[in-house]
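See below for entry_13.tsv, which holds TSV, C-alpha atoms.
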```tsv
chain	number	residue	atom	x	y	z
Z	1440	MET	CA	0.00	0.00	0.00
Z	1441	LYS	CA	2.84	2.35	0.95
Z	1442	GLN	CA	4.45	1.59	-2.39
Z	1443	PHE	CA	1.22	2.55	-4.21
Z	1444	TYR	CA	0.95	5.89	-2.42
Z	1445	LYS	CA	4.59	6.58	-3.17
Z	1446	ILE	CA	4.08	5.93	-6.88
Z	1447	SER	CA	0.91	8.01	-6.93
Z	1448	LEU	CA	2.68	10.91	-5.25
Z	1449	ILE	CA	5.49	10.73	-7.76
Z	1450	ALA	CA	3.00	10.64	-10.63
Z	1451	LEU	CA	1.04	13.59	-9.26
Z	1452	SER	CA	4.20	15.60	-8.70
Z	1453	THR	CA	5.35	14.84	-12.23
Z	1454	ALA	CA	1.97	15.90	-13.62
Z	1455	ILE	CA	2.04	19.12	-11.64
Z	1456	ILE	CA	5.57	19.85	-12.80
Z	1457	LEU	CA	4.67	19.13	-16.43
Z	1458	THR	CA	1.56	21.29	-16.20
Z	1459	CYS	CA	3.55	24.14	-14.72
Z	1460	ALA	CA	6.23	23.69	-17.35
Z	1461	VAL	CA	3.70	23.75	-20.19
Z	1462	THR	CA	2.00	26.77	-18.67
Z	1463	VAL	CA	5.27	28.63	-18.34
Z	1464	PHE	CA	6.18	27.60	-21.88
Z	1465	TYR	CA	2.98	29.06	-23.32
Z	1466	ILE	CA	3.32	32.16	-21.20
Z	1467	LEU	CA	6.79	32.69	-22.61
Z	1468	ILE	CA	5.60	32.30	-26.23
Z	1469	PRO	CA	5.30	35.84	-27.74
Z	1470	ASP	CA	1.90	36.68	-29.23
Z	1471	PRO	CA	1.99	37.09	-33.03
Z	1472	PRO	CA	1.13	40.67	-34.15
Z	1473	VAL	CA	-2.05	39.65	-35.98
Z	1474	GLY	CA	-4.08	42.70	-34.96
Z	1475	GLU	CA	-1.41	45.23	-35.86
Z	1476	VAL	CA	-0.71	43.68	-39.26
Z	1477	GLU	CA	-4.40	43.31	-40.11
Z	1478	TYR	CA	-5.03	46.94	-39.17
Z	1479	ALA	CA	-2.10	48.03	-41.33
Z	1480	LEU	CA	-3.54	46.04	-44.23
Z	1481	VAL	CA	-7.00	47.59	-43.80
Z	1482	THR	CA	-5.62	51.14	-43.75
Z	1483	LEU	CA	-3.51	50.38	-46.83
Z	1484	GLN	CA	-6.57	49.05	-48.65
Z	1485	ARG	CA	-8.50	52.20	-47.74
Z	1486	ALA	CA	-5.67	54.29	-49.11
Z	1487	SER	CA	-5.80	52.30	-52.32
Z	1488	GLN	CA	-9.58	52.79	-52.57
Z	1489	SER	CA	-9.07	56.54	-52.24
Z	1490	LYS	CA	-6.64	56.29	-55.20
Z	1491	ALA	CA	-3.72	57.32	-53.04
Z	1492	ASN	CA	-1.49	55.37	-55.42
Z	1493	ARG	CA	-2.25	58.21	-57.88
Z	1494	TYR	CA	-3.04	61.28	-55.80
Z	1495	ALA	CA	-0.63	60.67	-52.88
Z	1496	LYS	CA	1.84	58.38	-54.57
Z	1497	ASN	CA	4.87	58.94	-52.31
Z	1498	LYS	CA	2.96	58.40	-49.06
Z	1499	TYR	CA	1.10	55.39	-50.40
Z	1500	TYR	CA	4.21	53.55	-51.54
Z	1501	GLU	CA	6.01	54.46	-48.31
Z	1502	ALA	CA	3.13	52.88	-46.36
Z	1503	LYS	CA	3.22	49.84	-48.63
Z	1504	ALA	CA	6.97	49.46	-48.14
Z	1505	CYS	CA	6.49	49.53	-44.36
Z	1506	TYR	CA	3.77	46.90	-44.61
Z	1507	ASP	CA	5.99	44.69	-46.76
Z	1508	SER	CA	8.78	45.11	-44.21
Z	1509	ALA	CA	6.40	44.07	-41.43
Z	1510	MET	CA	5.40	40.93	-43.33
Z	1511	LYS	CA	9.02	40.13	-44.12
Z	1512	ASP	CA	10.07	40.46	-40.50
Z	1513	TRP	CA	7.08	38.38	-39.38
Z	1514	ASN	CA	8.12	35.58	-41.70
Z	1515	ILE	CA	11.69	35.76	-40.38
Z	1516	GLN	CA	10.49	35.52	-36.78
Z	1517	ASN	CA	8.20	32.57	-37.56
Z	1518	LYS	CA	11.21	30.59	-38.74
Z	1519	ARG	CA	12.95	30.99	-35.43
Z	1520	PHE	CA	12.42	28.76	-32.39
Z	1521	ILE	CA	9.12	29.72	-30.87
Z	1522	LEU	CA	10.55	31.07	-27.64
Z	1523	PHE	CA	13.14	33.15	-29.45
Z	1524	ARG	CA	10.69	35.03	-31.65
Z	1525	ASP	CA	10.59	38.82	-31.31
Z	1526	TYR	CA	7.81	40.72	-33.09
Z	1527	LYS	CA	8.78	44.22	-31.97
Z	1528	LYS	CA	10.08	45.25	-35.39
Z	1529	THR	CA	7.06	43.68	-37.08
Z	1530	ILE	CA	4.73	45.72	-34.87
Z	1531	LEU	CA	6.71	48.92	-35.43
Z	1532	PHE	CA	6.62	48.48	-39.21
Z	1533	ALA	CA	2.88	47.67	-39.12
Z	1534	GLN	CA	2.08	50.69	-36.97
Z	1535	LYS	CA	4.18	52.96	-39.15
Z	1536	SER	CA	2.49	51.58	-42.25
Z	1537	ALA	CA	-0.97	52.26	-40.80
Z	1538	LYS	CA	-0.02	55.80	-39.79
Z	1539	ILE	CA	1.42	56.68	-43.20
Z	1540	ALA	CA	-1.49	54.99	-45.02
Z	1541	LYS	CA	-3.94	57.17	-43.08
Z	1542	GLN	CA	-2.00	60.26	-44.13
Z	1543	ALA	CA	-1.93	59.04	-47.72
Z	1544	THR	CA	-5.71	58.59	-47.65
Z	1545	TYR	CA	-6.20	62.10	-46.26
Z	1546	ASN	CA	-3.83	63.65	-48.81
Z	1547	SER	CA	-5.44	61.71	-51.63
Z	1548	VAL	CA	-8.97	62.77	-50.75
Z	1549	LYS	CA	-7.88	66.38	-50.31
Z	1550	LYS	CA	-5.96	66.48	-53.58
Z	1551	SER	CA	-8.79	64.73	-55.39
Z	1552	ARG	CA	-11.29	67.28	-54.15
Z	1553	ASN	CA	-8.98	70.14	-55.06
Z	1554	LEU	CA	-8.47	68.64	-58.52
Z	1555	ILE	CA	-12.21	68.33	-59.02
Z	1556	ILE	CA	-12.64	72.02	-58.26
Z	1557	THR	CA	-9.57	73.17	-60.20
Z	1558	VAL	CA	-10.20	71.06	-63.29
Z	1559	LYS	CA	-13.91	71.95	-63.40
Z	1560	GLU	CA	-13.09	75.65	-63.16
Z	1561	LYS	CA	-10.53	75.37	-65.97
Z	1562	ILE	CA	-12.92	73.37	-68.16
Z	1563	ASP	CA	-15.65	75.99	-67.69
Z	1564	SER	CA	-13.20	78.85	-68.25
Z	1565	LEU	CA	-11.81	77.41	-71.49
Z	1566	ASN	CA	-15.27	76.57	-72.81
Z	1567	GLU	CA	-16.28	80.16	-72.14
Z	1568	LEU	CA	-13.15	81.39	-73.92
Z	1569	ILE	CA	-13.92	79.24	-76.95
Z	1570	THR	CA	-17.54	80.41	-77.03
Z	1571	ASN	CA	-16.50	84.06	-76.82
Z	1572	THR	CA	-13.79	83.84	-79.48
Z	1573	ASN	CA	-15.27	81.30	-81.92
Z	1574	GLU	CA	-17.02	83.86	-84.08
Z	1575	LEU	CA	-14.03	86.21	-84.01
Z	1576	PHE	CA	-11.45	83.57	-84.89
Z	1577	SER	CA	-13.65	82.06	-87.60
Z	1578	THR	CA	-13.39	85.34	-89.54
Z	1579	LEU	CA	-9.80	86.35	-88.77
Z	1580	PRO	CA	-7.12	85.26	-91.26
Z	1581	LEU	CA	-5.08	83.37	-88.68
Z	1582	SER	CA	-1.89	81.55	-89.56
Z	1583	GLN	CA	-1.96	77.79	-90.04
Z	1584	THR	CA	0.11	77.37	-86.88
Z	1585	LEU	CA	-2.38	79.32	-84.80
Z	1586	ARG	CA	-5.37	77.46	-86.19
Z	1587	LYS	CA	-3.59	74.15	-85.59
Z	1588	ASN	CA	-2.84	75.08	-81.97
Z	1589	ILE	CA	-6.40	76.23	-81.34
Z	1590	SER	CA	-7.73	72.99	-82.82
Z	1591	LYS	CA	-5.30	70.96	-80.71
Z	1592	GLY	CA	-6.37	72.88	-77.61
Z	1593	LYS	CA	-10.03	72.07	-78.29
Z	1594	ILE	CA	-9.21	68.36	-78.66
Z	1595	LEU	CA	-7.26	68.36	-75.37
Z	1596	LEU	CA	-10.15	70.14	-73.67
Z	1597	LYS	CA	-12.56	67.46	-74.88
Z	1598	GLU	CA	-10.24	64.71	-73.65
Z	1599	SER	CA	-10.12	66.42	-70.26
Z	1600	GLU	CA	-13.91	66.61	-70.10
Z	1601	ILE	CA	-14.24	62.88	-70.88
Z	1602	ALA	CA	-11.65	61.95	-68.23
Z	1603	PHE	CA	-13.37	64.22	-65.71
Z	1604	GLU	CA	-16.73	62.55	-66.31
Z	1605	LYS	CA	-15.09	59.16	-65.72
Z	1606	GLY	CA	-13.62	60.36	-62.43
Z	1607	ASP	CA	-10.03	60.22	-63.66
Z	1608	TYR	CA	-9.19	63.65	-62.28
Z	1609	LEU	CA	-5.43	63.33	-62.51
Z	1610	TYR	CA	-5.54	62.56	-66.24
Z	1611	ALA	CA	-8.16	65.29	-66.67
Z	1612	ALA	CA	-5.83	67.76	-64.93
Z	1613	GLU	CA	-2.94	66.76	-67.19
Z	1614	LYS	CA	-5.04	67.31	-70.33
Z	1615	ILE	CA	-6.65	70.55	-69.16
Z	1616	ASP	CA	-3.24	72.08	-68.39
Z	1617	LYS	CA	-2.07	71.33	-71.93
Z	1618	ALA	CA	-5.36	72.59	-73.37
Z	1619	GLU	CA	-5.06	75.79	-71.36
Z	1620	GLN	CA	-1.52	76.38	-72.61
Z	1621	ASN	CA	-2.50	75.87	-76.27
Z	1622	LEU	CA	-5.70	77.89	-76.17
Z	1623	LYS	CA	-4.51	80.80	-74.04
Z	1624	GLU	CA	-1.22	81.22	-75.89
Z	1625	SER	CA	-3.02	81.06	-79.25
Z	1626	CYS	CA	-5.69	83.52	-78.14
Z	1627	ASN	CA	-3.11	85.86	-76.72
Z	1628	THR	CA	-1.10	85.82	-79.95
Z	1629	ALA	CA	-4.17	86.31	-82.15
Z	1630	LEU	CA	-5.52	89.15	-80.03
Z	1631	SER	CA	-2.10	90.81	-79.77
Z	1632	ASN	CA	-1.81	90.74	-83.57
Z	1633	LEU	CA	-5.30	92.18	-83.86
Z	1634	GLU	CA	-4.50	94.88	-81.31
Z	1635	ASN	CA	-1.43	95.87	-83.35
Z	1636	TYR	CA	-3.63	96.13	-86.44
Z	1637	PHE	CA	-6.05	98.39	-84.56
Z	1638	CYS	CA	-3.28	100.92	-83.87
Z	1639	ASN	CA	-4.54	102.64	-87.06
Z	1640	GLN	CA	-8.09	102.90	-85.70
Z	1641	PRO	CA	-7.92	106.67	-84.91
Z	1642	TYR	CA	-6.82	107.29	-88.52
Z	1643	TRP	CA	-9.65	105.10	-89.84
Z	1644	THR	CA	-12.19	106.94	-87.68
Z	1645	GLY	CA	-10.96	110.25	-89.02
Z	1646	LEU	CA	-11.36	109.10	-92.63
Z	1647	VAL	CA	-14.86	107.78	-92.00
Z	1648	ASN	CA	-16.05	110.90	-90.17
Z	1649	GLN	CA	-14.69	113.20	-92.86
Z	1650	THR	CA	-16.31	111.13	-95.60
Z	1651	ILE	CA	-19.71	111.24	-93.89
Z	1652	LYS	CA	-19.39	115.02	-93.43
Z	1653	ASN	CA	-18.55	115.45	-97.13
Z	1654	SER	CA	-21.54	113.30	-98.07
Z	1655	ALA	CA	-23.82	115.49	-95.96
Z	1656	ARG	CA	-22.29	118.78	-97.18
Z	1657	ASN	CA	-22.42	117.81	-100.86
Z	1658	ASN	CA	-25.61	115.74	-100.60
Z	1659	SER	CA	-23.64	113.00	-102.32
Z	1660	THR	CA	-23.27	109.23	-102.20
Z	1661	ALA	CA	-20.32	107.75	-100.30
Z	1662	ILE	CA	-19.40	104.19	-99.48
Z	1663	ILE	CA	-17.68	103.07	-96.27
Z	1664	VAL	CA	-16.21	99.56	-96.12
Z	1665	ASP	CA	-15.55	98.25	-92.59
Z	1666	LYS	CA	-13.36	95.17	-92.97
Z	1667	PHE	CA	-13.50	93.93	-89.39
Z	1668	SER	CA	-17.30	93.97	-89.19
Z	1669	HIS	CA	-17.53	92.78	-92.80
Z	1670	LYS	CA	-19.92	95.59	-93.66
Z	1671	LEU	CA	-20.38	97.92	-96.62
Z	1672	ILE	CA	-22.30	101.03	-95.59
Z	1673	ALA	CA	-23.68	103.37	-98.22
Z	1674	TYR	CA	-24.40	107.00	-97.27
Z	1675	GLN	CA	-26.55	109.47	-99.14
Z	1676	GLY	CA	-26.54	113.03	-97.93
Z	1677	GLY	CA	-24.68	111.96	-94.78
Z	1678	THR	CA	-27.37	109.42	-93.85
Z	1679	VAL	CA	-27.10	105.63	-93.99
Z	1680	LYS	CA	-28.89	104.30	-97.05
Z	1681	TYR	CA	-27.75	100.66	-96.93
Z	1682	GLU	CA	-25.73	98.54	-94.51
Z	1683	LEU	CA	-24.76	95.31	-96.26
Z	1684	ASN	CA	-22.67	92.21	-95.55
Z	1685	ALA	CA	-19.39	92.09	-97.44
Z	1686	GLU	CA	-16.65	89.54	-98.12
Z	1687	PHE	CA	-12.99	90.25	-98.82
Z	1688	GLY	CA	-9.67	88.71	-99.72
Z	1689	LYS	CA	-8.80	85.88	-97.36
Z	1690	ASN	CA	-5.82	87.89	-96.04
Z	1691	TRP	CA	-7.92	90.98	-95.39
Z	1692	ILE	CA	-6.16	92.16	-92.19
Z	1693	GLY	CA	-3.80	94.98	-93.14
Z	1694	PRO	CA	-3.49	96.98	-96.36
Z	1695	LYS	CA	-2.83	95.46	-99.74
Z	1696	ARG	CA	0.92	95.47	-100.37
Z	1697	LEU	CA	1.48	93.66	-103.67
Z	1698	LYS	CA	-0.13	91.65	-106.43
Z	1699	GLY	CA	-1.27	88.19	-105.37
Z	1700	ASP	CA	-1.28	88.77	-101.60
Z	1701	LYS	CA	-5.09	88.29	-101.48
Z	1702	ALA	CA	-5.44	91.37	-99.29
Z	1703	THR	CA	-8.15	94.02	-99.61
Z	1704	PRO	CA	-6.65	97.53	-99.81
Z	1705	GLU	CA	-7.27	100.29	-97.27
Z	1706	GLY	CA	-7.58	103.98	-98.02
Z	1707	VAL	CA	-9.65	106.53	-99.90
Z	1708	TYR	CA	-10.67	105.51	-103.43
Z	1709	THR	CA	-13.17	106.48	-106.07
Z	1710	ILE	CA	-15.22	104.44	-108.49
Z	1711	LYS	CA	-13.31	104.42	-111.76
Z	1712	SER	CA	-15.93	102.69	-113.88
Z	1713	LYS	CA	-19.22	100.82	-113.61
Z	1714	VAL	CA	-19.04	97.35	-115.15
Z	1715	PRO	CA	-22.44	96.12	-116.43
Z	1716	LYS	CA	-23.79	92.59	-116.24
Z	1717	ASN	CA	-22.55	91.46	-119.63
Z	1718	LYS	CA	-18.99	92.67	-118.99
Z	1719	THR	CA	-18.17	90.79	-115.77
Z	1720	LYS	CA	-18.49	87.28	-114.43
Z	1721	TYR	CA	-19.49	88.73	-111.04
Z	1722	PHE	CA	-23.04	89.91	-111.93
Z	1723	ARG	CA	-22.05	93.59	-111.82
Z	1724	ALA	CA	-18.94	95.42	-110.65
Z	1725	LEU	CA	-17.62	98.82	-109.61
Z	1726	LEU	CA	-13.93	99.19	-110.48
Z	1727	LEU	CA	-11.93	101.23	-107.96
Z	1728	ASN	CA	-8.92	103.43	-108.73
Z	1729	TYR	CA	-6.53	101.11	-106.88
Z	1730	PRO	CA	-3.62	101.69	-106.78
Z	1731	ASN	CA	-3.93	105.38	-105.99
Z	1732	LYS	CA	-0.97	107.75	-105.47
Z	1733	ASP	CA	-0.60	106.81	-101.79
Z	1734	ASP	CA	-0.55	103.10	-102.66
Z	1735	VAL	CA	2.14	103.62	-105.29
Z	1736	LYS	CA	4.31	105.66	-102.90
Z	1737	GLN	CA	4.04	103.06	-100.15
Z	1738	PHE	CA	4.74	100.22	-102.60
Z	1739	ASN	CA	7.89	101.91	-103.93
Z	1740	ARG	CA	8.99	102.73	-100.37
Z	1741	ASP	CA	8.60	99.09	-99.31
Z	1742	LYS	CA	10.61	97.85	-102.29
Z	1743	THR	CA	13.36	100.39	-101.64
Z	1744	ASN	CA	13.54	99.41	-97.96
Z	1745	GLY	CA	13.66	95.72	-98.83
Z	1746	ASN	CA	10.27	94.99	-97.29
Z	1747	LEU	CA	9.04	93.60	-100.61
Z	1748	PRO	CA	10.77	91.44	-103.25
Z	1749	ILE	CA	12.45	93.55	-105.92
Z	1750	ASN	CA	10.42	91.80	-108.66
Z	1751	SER	CA	7.04	92.25	-106.94
Z	1752	GLN	CA	4.17	94.10	-108.65
Z	1753	ILE	CA	1.58	96.36	-107.07
Z	1754	GLY	CA	-1.46	94.73	-108.66
Z	1755	GLY	CA	-4.82	96.23	-109.59
Z	1756	LEU	CA	-8.38	95.50	-110.75
Z	1757	ILE	CA	-9.87	95.89	-107.28
Z	1758	GLU	CA	-13.65	95.97	-107.52
Z	1759	ILE	CA	-16.83	95.93	-105.54
Z	1760	HIS	CA	-18.66	93.08	-107.27
Z	1761	GLY	CA	-21.42	90.50	-106.96
Z	1762	ASN	CA	-21.39	86.73	-106.53
Z	1763	GLY	CA	-20.91	87.19	-102.77
Z	1764	GLY	CA	-23.00	85.90	-99.92
Z	1765	LYS	CA	-20.77	82.85	-99.47
Z	1766	GLY	CA	-20.21	83.52	-95.77
Z	1767	THR	CA	-16.43	83.44	-96.08
Z	1768	ASP	CA	-13.59	85.60	-97.36
Z	1769	TRP	CA	-12.72	84.24	-100.78
Z	1770	THR	CA	-11.77	87.01	-103.22
Z	1771	ASP	CA	-8.32	87.96	-104.47
Z	1772	GLY	CA	-8.70	91.32	-102.73
Z	1773	CYS	CA	-12.01	92.62	-104.03
Z	1774	ILE	CA	-15.14	93.41	-102.04
Z	1775	ALA	CA	-17.92	90.93	-102.76
Z	1776	LEU	CA	-21.64	91.43	-102.13
Z	1777	SER	CA	-24.62	89.21	-102.78
Z	1778	ASP	CA	-26.12	89.93	-106.21
Z	1779	SER	CA	-29.22	91.61	-104.75
Z	1780	ASP	CA	-27.07	93.87	-102.55
Z	1781	MET	CA	-24.68	94.55	-105.43
Z	1782	LEU	CA	-27.59	95.80	-107.52
Z	1783	LYS	CA	-28.53	98.30	-104.79
Z	1784	ILE	CA	-25.01	99.72	-104.62
Z	1785	TYR	CA	-24.60	99.68	-108.38
Z	1786	ASN	CA	-27.77	101.71	-108.89
Z	1787	ILE	CA	-26.86	104.51	-106.44
Z	1788	SER	CA	-23.18	104.76	-107.44
Z	1789	THR	CA	-21.61	106.85	-110.17
Z	1790	VAL	CA	-18.12	107.22	-111.57
Z	1791	GLY	CA	-16.30	109.33	-109.00
Z	1792	THR	CA	-18.27	108.08	-105.97
Z	1793	THR	CA	-15.99	107.99	-102.90
Z	1794	VAL	CA	-15.18	104.57	-101.43
Z	1795	VAL	CA	-13.35	104.56	-98.09
Z	1796	ILE	CA	-11.98	101.19	-96.96
Z	1797	VAL	CA	-10.86	100.93	-93.31
Z	1798	GLY	CA	-9.95	98.20	-90.89
Z	1799	SER	CA	-12.71	99.04	-88.41
Z	1800	THR	CA	-15.02	101.81	-87.29
Z	1801	THR	CA	-15.10	100.30	-83.77
Z	1802	SER	CA	-12.28	100.48	-81.21
Z	1803	PHE	CA	-10.32	97.38	-80.21
Z	1804	ASN	CA	-11.31	97.70	-76.54
Z	1805	SER	CA	-15.00	97.87	-77.43
Z	1806	ILE	CA	-14.67	94.69	-79.48
Z	1807	ILE	CA	-12.88	92.83	-76.68
Z	1808	GLN	CA	-15.42	93.97	-74.11
Z	1809	SER	CA	-18.29	92.85	-76.33
Z	1810	LEU	CA	-16.70	89.39	-76.54
Z	1811	ASN	CA	-16.37	89.27	-72.72
Z	1812	ILE	CA	-12.73	88.21	-72.99
Z	1813	LYS	CA	-10.65	88.54	-69.83
Z	1814	HIS	CA	-8.27	91.49	-69.79
Z	1815	ASP	CA	-5.06	89.47	-69.74
Z	1816	PHE	CA	-5.77	88.22	-73.24
Z	1817	ASN	CA	-5.68	91.66	-74.82
Z	1818	LYS	CA	-2.24	92.49	-73.49
Z	1819	ARG	CA	0.63	92.20	-75.86
Z	1820	SER	CA	2.79	89.14	-75.21
```

Transcribe the structure of this file into structure tokens.
Amino acid sequence: MKQFYKISLIALSTAIILTCAVTVFYILIPDPPVGEVEYALVTLQRASQSKANRYAKNKYYEAKACYDSAMKDWNIQNKRFILFRDYKKTILFAQKSAKIAKQATYNSVKKSRNLIITVKEKIDSLNELITNTNELFSTLPLSQTLRKNISKGKILLKESEIAFEKGDYLYAAEKIDKAEQNLKESCNTALSNLENYFCNQPYWTGLVNQTIKNSARNNSTAIIVDKFSHKLIAYQGGTVKYELNAEFGKNWIGPKRLKGDKATPEGVYTIKSKVPKNKTKYFRALLLNYPNKDDVKQFNRDKTNGNLPINSQIGGLIEIHGNGGKGTDWTDGCIALSDSDMLKIYNISTVGTTVVIVGSTTSFNSIIQSLNIKHDFNKRS
């Protein structure tokens, strides 16, 4: 019996010792950083959902690198003997990853919202610019380079609008910036060139006012041609008789300088002859005395100064004629009217009738204000 109790005591002691040993063993086993790593993963996923990989790229990839480091260290620790594992670095990397991922999410949301506002404002602004300048630029004889840049700007603007509607604000911002550069630079150049042309506006106004006064004083017929507004205005006795649409040479901005330049001359002219229906292919025509003395002097001066080729010719046969109404500038330098309007002018005109051709009877600032174009576009570049 004593032997039995002795064995039982030994067995119980052994069991107690083993239990204590196992308990101590499990107590000494470090807890794996499951919670920290899972939290880091969740915050990284949220950052990804907010498109931080695009809008807060540096922060996002820094957070991802920290998470990868945490996972790498965790794997290293798991390969060690269970009691020798140390997850401190894993936890630090996971916590750092979560902190940076939160910042990436915040930055991404903020930048995204700012982009939405900025891109939308630029889209609206450029659409307004196009609307306000479309009619103007459709009539101006712009260079091929300018027209190409304006067209390219419109395409980029459309691409930005499509990307914006899809929620791709970063791509929309990239496109709108390029569109803005093309359109604003082109508009600035075109308007600066036009402003330079309008430097002669006081002189034009003087010619027009004097011509109207002469018409009133002499009770005579006079014709004013306003190239910018594409109008031919006939006066009788100083009062407007007709105001008609007119078309010119496709390079109508500026005076005519030489034969073949497709420019409509500017200055004071008279009707040299009336060409009836059976003598012209343009319904009827009024031949002007271009080139006059001033034109010849300026032409010779330009050749002498080397501003024109030595073999250039001054040209001639500038008329007011019919076959117009095409809605575009198409002549070689003449002034074209619709046949019905040409008949009106033909009937009230005589040989010797004054014809004054000017760039515009309206000031440049008035034109810009009427188009509602922002002030910075009418400054010279």

Find the residues around region 1651-1668 of chain Z up to 8 Å (all atoms listed in the file counted), leave out those fewer than 6 positions away in its own chain, and share them as a count of residues only.
19

Go through Z:His1760, Z:Lys1496, Z:Lys1701, Z:Lys1597 and flag the residue nearest Lys1689 (chain Z), using all atoms listed in the file for the distances.
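Once distances to Lys1689 (chain Z) are computed over all atoms listed in the file, the minimum belongs to Z:Lys1701.
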
Residues near Ile1539 (chain Z), cut-off 8 Å, only C-alpha atoms, skip fewer than 5 positions along chain, as a list in words
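Once the nearby chain positions are removed, what remains is Lys1498, Tyr1499, Glu1501 and Ala1502 of chain Z.
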
Restricting it to C-alpha atoms, dump the selection as a CSV table (one decimal), keeping the file's coordinate frame.
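Generated output (result-v2.csv):
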```
chain,number,residue,atom,x,y,z
Z,1498,LYS,CA,3.0,58.4,-49.1
Z,1499,TYR,CA,1.1,55.4,-50.4
Z,1501,GLU,CA,6.0,54.5,-48.3
Z,1502,ALA,CA,3.1,52.9,-46.4
```

Counting only C-alpha atoms, figure out which residue out of Z:Ile1594, Z:Cys1626, Z:Ile1784, Z:Leu1531 gets nearest to Gly1761 (chain Z).
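Looking at the shortest contact to Gly1761 (chain Z), the residue is Z:Ile1784.
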
Counting all atoms listed in the file, which residue out of Z:Asp1734, Z:Lys1670, Z:Gln1542, Z:Ile1615 sits closest to Glu1682 (chain Z)?
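Closest to Glu1682 (chain Z), using all atoms listed in the file: Z:Lys1670.
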
Long-range neighbours of Thr1703 (chain Z) as a list of chain:residue names, 6 Å cut-off, all atoms listed in the file, 4 positions minimum in chain
Z:Gly1688, Z:Trp1691, Z:Lys1695, Z:Gly1772

Given all atoms listed in the file as the basis, pick out the residue of Z:Lys1503, Z:Ser1489, Z:Pro1580, Z:Asn1639 nearest to Gly1606 (chain Z).
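Looking at the shortest contact to Gly1606 (chain Z), the residue is Z:Ser1489.
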
Have a look at CA of Thr1578 (chain Z) and CA of Asn1762 (chain Z) and let me know their distance in Å, one decimal.
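Straight-line distance from CA of Thr1578 (chain Z) to CA of Asn1762 (chain Z) works out to 18.8 Å.
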
Grab the CA of Tyr1494 (chain Z) to CA of Ser1547 (chain Z) distance for me, in Å with one decimal place.
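These two atoms are separated by 4.8 Å.
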
Find the distance between CA of Leu1579 (chain Z) and CA of Asn1632 (chain Z) and write it in Å to one decimal.
10.5 Å

For Phe1803 (chain Z), the nearest of the candidates Z:Phe1637, Z:Trp1769, Z:Tyr1642, Z:Tyr1681, counting only C-alpha atoms:
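Among the listed residues, Z:Phe1637 lies closest to Phe1803 (chain Z).
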
Nearest candidate to Val1647 (chain Z) (options Z:Ala1673, Z:Leu1747, Z:Met1781, Z:Leu1630; using all atoms listed in the file):
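Of Z:Ala1673, Z:Leu1747, Z:Met1781, Z:Leu1630, the one nearest Val1647 (chain Z) is Z:Ala1673, counting all atoms listed in the file.
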